[in-house]
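Chemist: One file: upload33.txt (compact mmCIF, C-alpha atoms).
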```txt
# COMPACT_ATOMS: atom_id res chain seq x y z
CA MET A 23 79.22 129.35 124.21
CA ASP A 24 75.81 130.17 122.64
CA ARG A 25 77.40 133.07 120.77
CA PHE A 26 80.20 130.81 119.57
CA ASN A 27 77.78 128.15 118.34
CA SER A 28 75.61 130.70 116.57
CA LEU A 29 78.60 132.14 114.79
CA ILE A 30 79.67 128.66 113.71
CA ALA A 31 76.17 128.04 112.37
CA VAL A 32 76.19 131.29 110.39
CA LEU A 33 79.61 130.56 108.98
CA SER A 34 78.62 127.04 107.99
CA LEU A 35 75.43 128.29 106.33
CA LEU A 36 77.23 130.92 104.31
CA LEU A 37 79.89 128.50 103.18
CA SER A 38 77.33 125.92 102.16
CA VAL A 39 75.53 128.54 100.06
CA CYS A 40 78.48 130.16 98.34
CA VAL A 41 81.13 127.47 98.29
CA PHE A 42 79.74 123.96 98.41
CA PRO A 43 78.14 123.97 94.95
CA PHE A 44 81.61 124.40 93.48
CA PHE A 45 83.60 122.23 95.89
CA ALA A 46 81.32 119.30 96.64
CA SER A 47 83.80 116.90 95.05
CA ALA A 48 86.83 118.21 96.93
CA GLN A 49 88.79 115.32 98.44
CA LEU A 50 92.08 114.70 100.17
CA ARG A 51 94.94 114.53 97.72
CA GLN A 52 98.70 114.38 97.54
CA ASN A 53 100.60 117.64 96.98
CA TYR A 54 97.60 119.60 98.22
CA TYR A 55 99.72 122.62 99.16
CA ALA A 56 101.83 122.65 95.99
CA ASN A 57 100.67 126.12 94.94
CA VAL A 58 100.68 127.88 98.32
CA CYS A 59 103.35 126.13 100.41
CA PRO A 60 105.31 123.85 98.08
CA ASN A 61 107.99 123.02 100.65
CA VAL A 62 105.63 122.14 103.48
CA GLU A 63 106.60 118.46 103.64
CA THR A 64 110.30 119.32 103.78
CA ILE A 65 109.67 121.89 106.51
CA VAL A 66 107.70 119.41 108.60
CA ARG A 67 110.23 116.64 108.01
CA ASN A 68 113.10 118.82 109.20
CA ALA A 69 111.20 119.84 112.33
CA VAL A 70 110.41 116.20 113.08
CA ALA A 71 114.05 115.18 112.59
CA GLN A 72 115.18 117.81 115.10
CA LYS A 73 112.60 116.61 117.59
CA ILE A 74 113.66 112.96 117.24
CA GLN A 75 117.26 113.98 117.90
CA GLN A 76 116.07 115.33 121.24
CA THR A 77 114.19 112.16 122.21
CA PHE A 78 113.11 108.94 120.50
CA VAL A 79 109.83 109.12 122.40
CA THR A 80 108.84 111.50 119.62
CA VAL A 81 108.25 108.49 117.36
CA PRO A 82 105.68 106.47 119.31
CA ALA A 83 104.16 109.60 120.83
CA THR A 84 103.35 111.10 117.43
CA ILE A 85 101.98 107.85 115.99
CA ARG A 86 99.73 107.34 118.99
CA LEU A 87 98.56 110.95 118.89
CA PHE A 88 97.46 110.54 115.28
CA PHE A 89 95.59 107.34 116.10
CA HIS A 90 93.81 108.85 119.10
CA ASP A 91 92.91 111.91 117.05
CA CYS A 92 91.43 110.04 114.10
CA PHE A 93 89.33 107.63 116.17
CA VAL A 94 87.57 110.48 118.00
CA GLN A 95 85.66 112.90 115.76
CA GLY A 96 87.96 112.14 112.83
CA CYS A 97 91.45 113.30 111.85
CA ASP A 98 91.00 116.95 112.77
CA ALA A 99 93.68 117.67 115.41
CA SER A 100 90.95 118.04 118.06
CA VAL A 101 93.00 115.89 120.44
CA ILE A 102 95.61 118.67 120.60
CA ILE A 103 93.20 121.33 121.87
CA ALA A 104 93.70 122.31 125.51
CA SER A 105 90.89 122.36 128.04
CA SER A 106 89.45 125.71 129.02
CA GLY A 107 87.63 126.98 132.05
CA THR A 108 84.29 125.97 130.54
CA ASN A 109 85.28 122.85 128.60
CA THR A 110 87.21 119.67 129.31
CA ALA A 111 88.87 118.72 126.03
CA GLU A 112 89.67 115.31 124.53
CA LYS A 113 93.26 115.34 125.73
CA ASP A 114 92.08 115.33 129.36
CA HIS A 115 89.86 112.28 129.04
CA PRO A 116 91.29 109.38 131.11
CA ASP A 117 92.05 107.40 127.94
CA ASN A 118 94.24 110.24 126.68
CA LEU A 119 96.10 111.19 129.84
CA SER A 120 98.90 108.76 128.93
CA LEU A 121 99.56 110.47 125.60
CA ALA A 122 103.19 111.56 125.79
CA GLY A 123 103.80 115.30 125.61
CA ASP A 124 106.44 114.82 122.92
CA GLY A 125 103.72 114.02 120.39
CA PHE A 126 101.98 117.33 121.02
CA ASP A 127 105.31 119.14 121.00
CA THR A 128 106.18 117.65 117.62
CA VAL A 129 103.07 119.12 116.01
CA ILE A 130 103.48 122.48 117.73
CA LYS A 131 107.10 122.83 116.61
CA ALA A 132 106.34 121.70 113.06
CA LYS A 133 103.46 124.18 112.88
CA ALA A 134 105.76 126.99 114.07
CA ALA A 135 108.32 126.04 111.43
CA VAL A 136 105.67 126.04 108.70
CA ASP A 137 104.19 129.37 109.76
CA ALA A 138 107.67 130.92 109.90
CA ASN A 139 107.56 130.78 106.10
CA PRO A 140 105.54 133.84 104.94
CA SER A 141 103.99 132.02 102.00
CA CYS A 142 102.81 129.20 104.26
CA ARG A 143 101.61 131.16 107.29
CA ASN A 144 98.10 130.19 108.38
CA LYS A 145 97.57 128.08 105.27
CA VAL A 146 98.44 124.59 106.56
CA SER A 147 96.16 122.86 109.04
CA CYS A 148 97.34 121.27 112.27
CA ALA A 149 95.52 118.10 111.19
CA ASP A 150 97.63 117.85 108.04
CA ILE A 151 100.81 118.60 109.96
CA LEU A 152 100.04 115.73 112.35
CA ALA A 153 99.44 113.39 109.40
CA MET A 154 102.76 114.38 107.79
CA ALA A 155 104.66 114.18 111.07
CA THR A 156 103.30 110.68 111.66
CA ARG A 157 104.60 109.53 108.28
CA ASP A 158 107.97 111.10 109.03
CA VAL A 159 108.49 109.50 112.45
CA ILE A 160 107.60 106.12 110.99
CA ALA A 161 110.09 106.53 108.14
CA MET A 162 112.82 107.88 110.43
CA SER A 163 112.54 104.84 112.71
CA GLY A 164 112.99 102.33 109.90
CA GLY A 165 109.43 102.06 108.64
CA PRO A 166 108.02 102.91 105.22
CA SER A 167 107.87 106.40 103.76
CA TYR A 168 104.64 106.97 101.92
CA ALA A 169 102.75 109.76 100.18
CA VAL A 170 100.38 111.51 102.59
CA GLU A 171 96.98 112.68 101.42
CA LEU A 172 96.37 116.27 102.51
CA GLY A 173 93.55 118.80 102.62
CA ARG A 174 92.07 118.34 106.11
CA LEU A 175 90.75 121.26 108.09
CA ASP A 176 91.06 121.49 111.87
CA GLY A 177 88.06 120.60 114.01
CA LEU A 178 85.92 123.23 115.67
CA SER A 179 85.29 121.36 118.93
CA SER A 180 87.00 119.06 121.42
CA THR A 181 85.22 117.48 124.37
CA ALA A 182 86.24 114.74 126.76
CA SER A 183 82.79 113.18 126.52
CA SER A 184 83.32 112.53 122.79
CA VAL A 185 86.12 110.08 123.64
CA ASN A 186 83.91 107.64 125.53
CA GLY A 187 83.97 104.21 123.87
CA LYS A 188 86.00 105.37 120.88
CA LEU A 189 89.45 104.01 121.75
CA PRO A 190 90.61 100.38 122.13
CA GLN A 191 91.41 99.09 125.60
CA ALA A 192 94.35 96.92 126.62
CA THR A 193 92.01 94.04 127.52
CA PHE A 194 90.07 93.94 124.24
CA ASN A 195 89.52 90.62 122.49
CA LEU A 196 89.39 90.21 118.72
CA ASP A 197 85.65 90.80 118.45
CA GLN A 198 85.93 94.07 120.37
CA LEU A 199 88.88 95.21 118.29
CA ASN A 200 87.13 94.39 115.03
CA ALA A 201 83.96 96.17 116.13
CA LEU A 202 85.80 99.35 117.06
CA PHE A 203 87.95 99.47 113.94
CA GLY A 204 85.02 98.43 111.77
CA ALA A 205 83.03 101.39 113.06
CA ASN A 206 85.73 103.53 111.46
CA GLY A 207 85.64 101.76 108.12
CA LEU A 208 88.70 99.61 108.81
CA THR A 209 88.96 95.86 108.25
CA GLN A 210 90.48 93.20 110.47
CA THR A 211 93.55 93.25 108.24
CA ASP A 212 93.81 97.02 108.71
CA MET A 213 93.45 96.57 112.47
CA ILE A 214 96.24 93.99 112.66
CA ALA A 215 98.54 96.16 110.56
CA LEU A 216 97.88 99.27 112.66
CA SER A 217 98.33 97.31 115.89
CA ALA A 218 101.91 96.75 114.78
CA ALA A 219 102.62 100.40 115.55
CA HIS A 220 103.38 98.79 118.93
CA THR A 221 106.65 97.74 117.37
CA VAL A 222 107.85 101.02 118.88
CA GLY A 223 106.77 102.73 122.05
CA PHE A 224 105.73 101.66 125.51
CA SER A 225 102.82 101.01 127.81
CA HIS A 226 102.43 101.29 131.58
CA CYS A 227 102.43 98.62 134.26
CA ASP A 228 98.78 99.11 135.17
CA LYS A 229 97.76 98.17 131.60
CA PHE A 230 99.04 94.59 131.88
CA SER A 231 99.63 93.90 135.60
CA ASN A 232 96.60 91.60 135.65
CA ARG A 233 98.41 89.35 133.17
CA ILE A 234 101.41 88.82 135.43
CA TYR A 235 99.81 88.71 138.89
CA ASN A 236 96.09 87.95 138.99
CA PHE A 237 95.00 86.68 135.62
CA SER A 238 92.75 84.02 137.12
CA ARG A 239 92.40 81.86 140.24
CA GLN A 240 93.91 78.88 138.46
CA ASN A 241 96.55 80.84 136.58
CA PRO A 242 97.90 83.97 138.29
CA VAL A 243 100.03 84.53 135.16
CA ASP A 244 98.36 84.62 131.75
CA PRO A 245 99.22 81.23 130.19
CA THR A 246 99.56 82.84 126.76
CA LEU A 247 102.57 84.83 128.05
CA ASN A 248 106.06 83.49 127.48
CA ARG A 249 107.23 82.40 130.96
CA ASP A 250 110.62 84.09 130.76
CA TYR A 251 109.01 87.24 129.42
CA ALA A 252 106.45 87.19 132.24
CA ALA A 253 109.28 86.96 134.77
CA GLN A 254 110.99 89.96 133.15
CA LEU A 255 107.78 91.94 133.34
CA GLN A 256 107.39 91.09 137.02
CA THR A 257 110.89 92.42 137.61
CA MET A 258 110.10 95.66 135.81
CA CYS A 259 106.66 95.96 137.41
CA PRO A 260 106.77 94.63 140.98
CA THR A 261 103.48 94.63 142.86
CA ASN A 262 104.21 97.91 144.64
CA VAL A 263 105.50 99.78 141.58
CA ASP A 264 104.13 103.11 140.40
CA PRO A 265 101.42 102.04 137.90
CA ARG A 266 102.66 104.73 135.51
CA THR A 267 106.04 103.03 135.12
CA ALA A 268 106.72 102.55 131.41
CA VAL A 269 107.68 99.27 129.75
CA GLY A 270 108.59 98.95 126.06
CA PHE A 271 106.28 97.01 123.75
CA ASP A 272 109.08 95.32 121.83
CA PRO A 273 111.77 93.66 123.96
CA ASN A 274 113.96 92.96 120.93
CA THR A 275 114.02 95.97 118.58
CA PRO A 276 112.30 98.73 120.61
CA ASN A 277 113.54 101.63 118.46
CA THR A 278 112.90 100.14 115.04
CA PHE A 279 109.63 100.13 113.13
CA ASP A 280 109.59 96.56 111.82
CA ASN A 281 107.72 93.26 111.68
CA VAL A 282 109.43 91.90 114.81
CA TYR A 283 106.17 92.83 116.57
CA PHE A 284 104.57 89.79 114.93
CA GLN A 285 107.52 87.56 115.70
CA ASN A 286 107.15 88.56 119.34
CA LEU A 287 103.50 87.52 119.28
CA GLN A 288 104.51 84.11 117.96
CA GLN A 289 106.79 83.75 120.99
CA GLY A 290 104.16 84.81 123.53
CA LYS A 291 105.71 88.25 123.99
CA GLY A 292 102.76 90.48 123.25
CA LEU A 293 102.67 93.02 126.07
CA LEU A 294 98.92 93.69 126.15
CA THR A 295 96.03 91.26 125.94
CA SER A 296 94.92 93.14 122.81
CA ASP A 297 98.33 92.41 121.26
CA GLN A 298 98.64 88.72 122.09
CA VAL A 299 95.07 87.93 121.06
CA LEU A 300 96.03 88.60 117.46
CA PHE A 301 98.08 85.40 117.60
CA THR A 302 95.98 83.29 119.96
CA ASP A 303 92.73 83.82 118.05
CA PRO A 304 92.72 81.53 115.00
CA ARG A 305 90.85 84.13 112.95
CA SER A 306 93.83 86.50 112.99
CA LYS A 307 96.72 84.09 113.59
CA SER A 308 97.37 83.42 109.90
CA THR A 309 97.90 87.12 109.21
CA VAL A 310 100.34 87.38 112.12
CA ASP A 311 102.25 84.34 110.84
CA THR A 312 102.39 85.73 107.30
CA TRP A 313 103.67 89.15 108.31
CA ALA A 314 106.12 87.73 110.84
CA GLY A 315 107.95 86.17 107.91
CA ASN A 316 107.24 88.73 105.21
CA SER A 317 108.25 92.28 106.08
CA PRO A 318 107.43 93.84 102.67
CA ALA A 319 103.90 92.45 102.83
CA PHE A 320 103.39 93.89 106.31
CA LEU A 321 104.77 97.31 105.43
CA ALA A 322 102.58 97.54 102.33
CA ALA A 323 99.51 96.60 104.40
CA PHE A 324 100.45 99.15 107.04
CA VAL A 325 100.68 101.96 104.46
CA ARG A 326 97.25 101.04 103.09
CA ALA A 327 95.76 100.94 106.58
CA ILE A 328 97.18 104.20 107.88
CA THR A 329 96.17 105.95 104.64
CA LYS A 330 92.61 104.72 105.16
CA MET A 331 92.72 105.80 108.79
CA GLY A 332 93.82 109.27 107.70
CA ARG A 333 90.52 109.69 105.84
CA ILE A 334 88.31 109.17 108.89
CA GLY A 335 85.94 112.04 109.57
CA ILE A 336 87.89 114.72 107.73
CA LYS A 337 86.63 118.28 108.09
CA THR A 338 86.07 120.46 105.04
CA GLY A 339 84.20 123.66 104.25
CA GLY A 340 82.27 125.12 107.17
CA ASN A 341 83.03 122.10 109.35
CA GLY A 342 86.57 123.23 110.10
CA ASN A 343 89.22 125.92 109.86
CA ILE A 344 92.98 126.40 110.06
CA ARG A 345 94.11 127.07 113.61
CA GLN A 346 96.90 129.53 114.17
CA ASP A 347 97.57 127.83 117.50
CA CYS A 348 97.02 124.06 117.32
CA GLY A 349 96.14 123.92 121.00
CA LEU A 350 93.49 126.63 120.99
CA LEU A 351 90.10 126.99 119.43
CA PRO A 352 90.03 130.45 117.80
CA ASP A 353 87.33 133.03 118.35
CA ILE A 354 85.11 133.32 115.31
CA ARG A 355 85.62 136.76 113.84
CA LYS A 356 84.49 138.42 110.64
CA SER A 357 87.82 137.57 109.04
CA ASP A 358 87.21 133.84 109.53
CA LEU A 359 84.67 133.82 106.72
CA GLU A 360 87.25 135.18 104.30
CA THR A 361 89.81 132.67 105.61
CA ALA A 362 87.49 129.71 105.17
CA ILE A 363 86.47 130.75 101.67
CA ALA A 364 90.08 131.41 100.70
CA TYR A 365 90.95 127.91 101.89
CA GLN A 366 88.21 126.42 99.76
CA MET A 367 89.39 128.43 96.78
CA GLN A 368 92.84 127.02 97.39
CA SER A 369 91.37 123.54 97.62
CA ALA A 370 89.72 123.73 94.23
CA ASN A 371 92.75 125.51 92.77
CA PHE A 372 90.74 127.96 90.67
CA GLY A 373 92.62 130.25 88.32
CA ARG A 374 94.84 127.53 86.92
CA LYS A 375 95.50 127.52 83.21
CA SER A 376 92.96 124.82 82.62
CA GLY A 377 90.27 126.50 80.55
CA ARG A 378 88.27 127.46 83.66
CA LYS A 379 89.16 131.16 83.77
CA SER A 380 85.61 132.36 83.18
CA GLU A 381 84.28 129.99 85.85
CA SER A 382 86.83 131.39 88.30
CA LYS A 383 85.65 134.94 87.62
CA VAL A 384 82.02 133.97 88.15
CA THR A 385 82.87 132.19 91.38
CA SER A 386 84.89 135.15 92.63
CA ALA A 387 81.94 137.44 92.01
CA LEU A 388 79.60 135.13 93.88
CA VAL A 389 82.04 134.86 96.77
CA GLN A 390 82.35 138.64 96.95
CA ILE A 391 78.58 138.98 97.16
CA LYS A 392 78.38 136.39 99.92
CA LEU A 393 81.29 137.98 101.76
CA THR A 394 79.42 141.26 101.88
CA SER A 395 76.29 139.48 103.06
CA GLY A 396 78.32 137.45 105.52
CA ARG A 397 79.86 140.53 107.13
CA LYS A 398 76.40 141.90 107.74
CA MET A 399 75.11 138.66 109.23
CA LEU A 400 78.15 138.23 111.44
CA SER A 401 77.87 141.80 112.64
CA LYS A 402 74.26 141.25 113.65
CA THR A 403 75.08 137.96 115.36
CA ALA A 404 77.93 139.49 117.32
CA GLN A 405 75.76 142.27 118.74
```
As structure tokens, please, write out the structure in this file.

Modeler:
Amino acid sequence: MDRFNSLIAVLSLLLSVCVFPFFASAQLRQNYYANVCPNVETIVRNAVAQKIQQTFVTVPATIRLFFHDCFVQGCDASVIIASSGTNTAEKDHPDNLSLAGDGFDTVIKAKAAVDANPSCRNKVSCADILAMATRDVIAMSGGPSYAVELGRLDGLSSTASSVNGKLPQATFNLDQLNALFGANGLTQTDMIALSAAHTVGFSHCDKFSNRIYNFSRQNPVDPTLNRDYAAQLQTMCPTNVDPRTAVGFDPNTPNTFDNVYFQNLQQGKGLLTSDQVLFTDPRSKSTVDTWAGNSPAFLAAFVRAITKMGRIGIKTGGNGNIRQDCGLLPDIRKSDLETAIAYQMQSANFGRKSGRKSESKVTSALVQIKLTSGRKMLSKTAQ
């Protein structure tokens, strides 16, 4: 591990010296891969469509995977990394154990499809593939299709300890939800919009059993729950049921991404405490009421919110790389320096017919010098 960390430090130092002065303003942007993998969005979309045909669980699983990834260390696909003998990764934290395998499988299959194209191989990050796949599952289930900003690198670490306190809990009240989302640069409006991803998908009996059996001494059933709905939940989750038994969030349109989520809240049919509180708390109730009756307004707000979420903690330069296997952290080799620099060159799109030809030549010369220096430093570090 010490050797790995030292190599990362060397790589980061070299990149900051030879690349950052030219790429400090690099940001996420649409059509990021236009010059190296112009069909990447079509390739990912086709892979996602095939996966959805196999199981609809692909939709909520992919959305939730993106959310859990972005809220822990940023949108860097670190949640996909598998644990190793010396490290317990994010995906094995208790809060992530309920992530459905179909979400991971969606990214893995889309990555394989992208890398099957010679011009795209090892040039598209797992983090960007997850962002595109999330947009696609939303659109294919009736939600909005939107332009995805691209240019993320994949994270270089994944630890279970980094998840602590970073994800919302089923029992959260409005203040707790706002605090958590606010820590990620998201507003209450963003939080309410993103919560509506529960218009598809499911939870498990142990996440809401307290609401239907032992809410309080005076009220065993949460009084904010619709009585008929509470009775249905008790039927689906009897007291002796396996706590992992799944129950859909939306009892009316479970396979459609729509604003019925908010209409359900108005009727007392929010499955989790953190859902229903959006209607019972007067500070958020007006937004719920507005979007329950105005689907276009909700969908527009959702696109704004998920675009903002996709910018959380992005990795660039020496802070990330492009994984060949989304589930594995690669060994740092000499070739990784060339790969990282090539990615940054791609990011800035040098060599275009834009009057910057001389600048490109100068940069290439500097990069070559640093590459030579980098090989020497890496060789010494690896000894």

Chemist: Extract, using all atoms listed in the file, all DNA, RNA and protein residues at most 8 Å from range 248-253 of chain A, discarding same-chain residues fewer than 6 positions from it, and format them as a ChimeraX atom specification.

Modeler: /A:234,289-291

Chemist: Go through A:Arg239, A:Ala219, A:Leu351, A:Gln288 one by one, measure the shortest atom-to-atom distance of each to Phe324 in chain A using all atoms listed in the file, and give the residue with the smallest value.

Modeler: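 Going through A:Arg239, A:Ala219, A:Leu351, A:Gln288 one by one, the smallest distance to Phe324 in chain A is for A:Ala219.
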
Chemist: Any idea what the distance is between CA of Gln75 in chain A and CA of Cys97 in chain A?

Modeler: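 That distance, rounded to one decimal, is 26.5 Å.
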
Chemist: Extract, using only C-alpha atoms, all DNA, RNA and protein residues at most 12 Å from Thr128 in chain A, discarding same-chain residues fewer than 5 positions from it, and format them as an MDAnalysis selection string.

Modeler: chainID A and resid 66:85 87:88 102 122:123 133:135 148 151:156 158:159 348

Chemist: For the atom pair CA of Ser184 in chain A and CA of Gly107 in chain A, what is the interatomic distance in Å to one decimal place?

Modeler: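 Atom-to-atom, CA of Ser184 in chain A to CA of Gly107 in chain A, that is 17.7 Å.
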
Chemist: In Å, with one decimal, what is the gap from CA of Val101 in chain A to CA of Gly223 in chain A?

Modeler: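 Going from CA of Val101 in chain A over to CA of Gly223 in chain A covers 19.1 Å.
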
Chemist: Find, counting only C-alpha atoms, the residue in A:Lys229, A:Lys337, A:Thr108, A:Pro318 that gets nearest to Asp264 in chain A.

Modeler: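 Using only C-alpha atoms, the shortest distance to Asp264 in chain A belongs to A:Lys229.
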
Chemist: With distances taken over all atoms listed in the file, which residue among A:Val185, A:Ile130, A:Ala205, A:Leu255 lies nearest Ser147 in chain A?

Modeler: A:Ile130
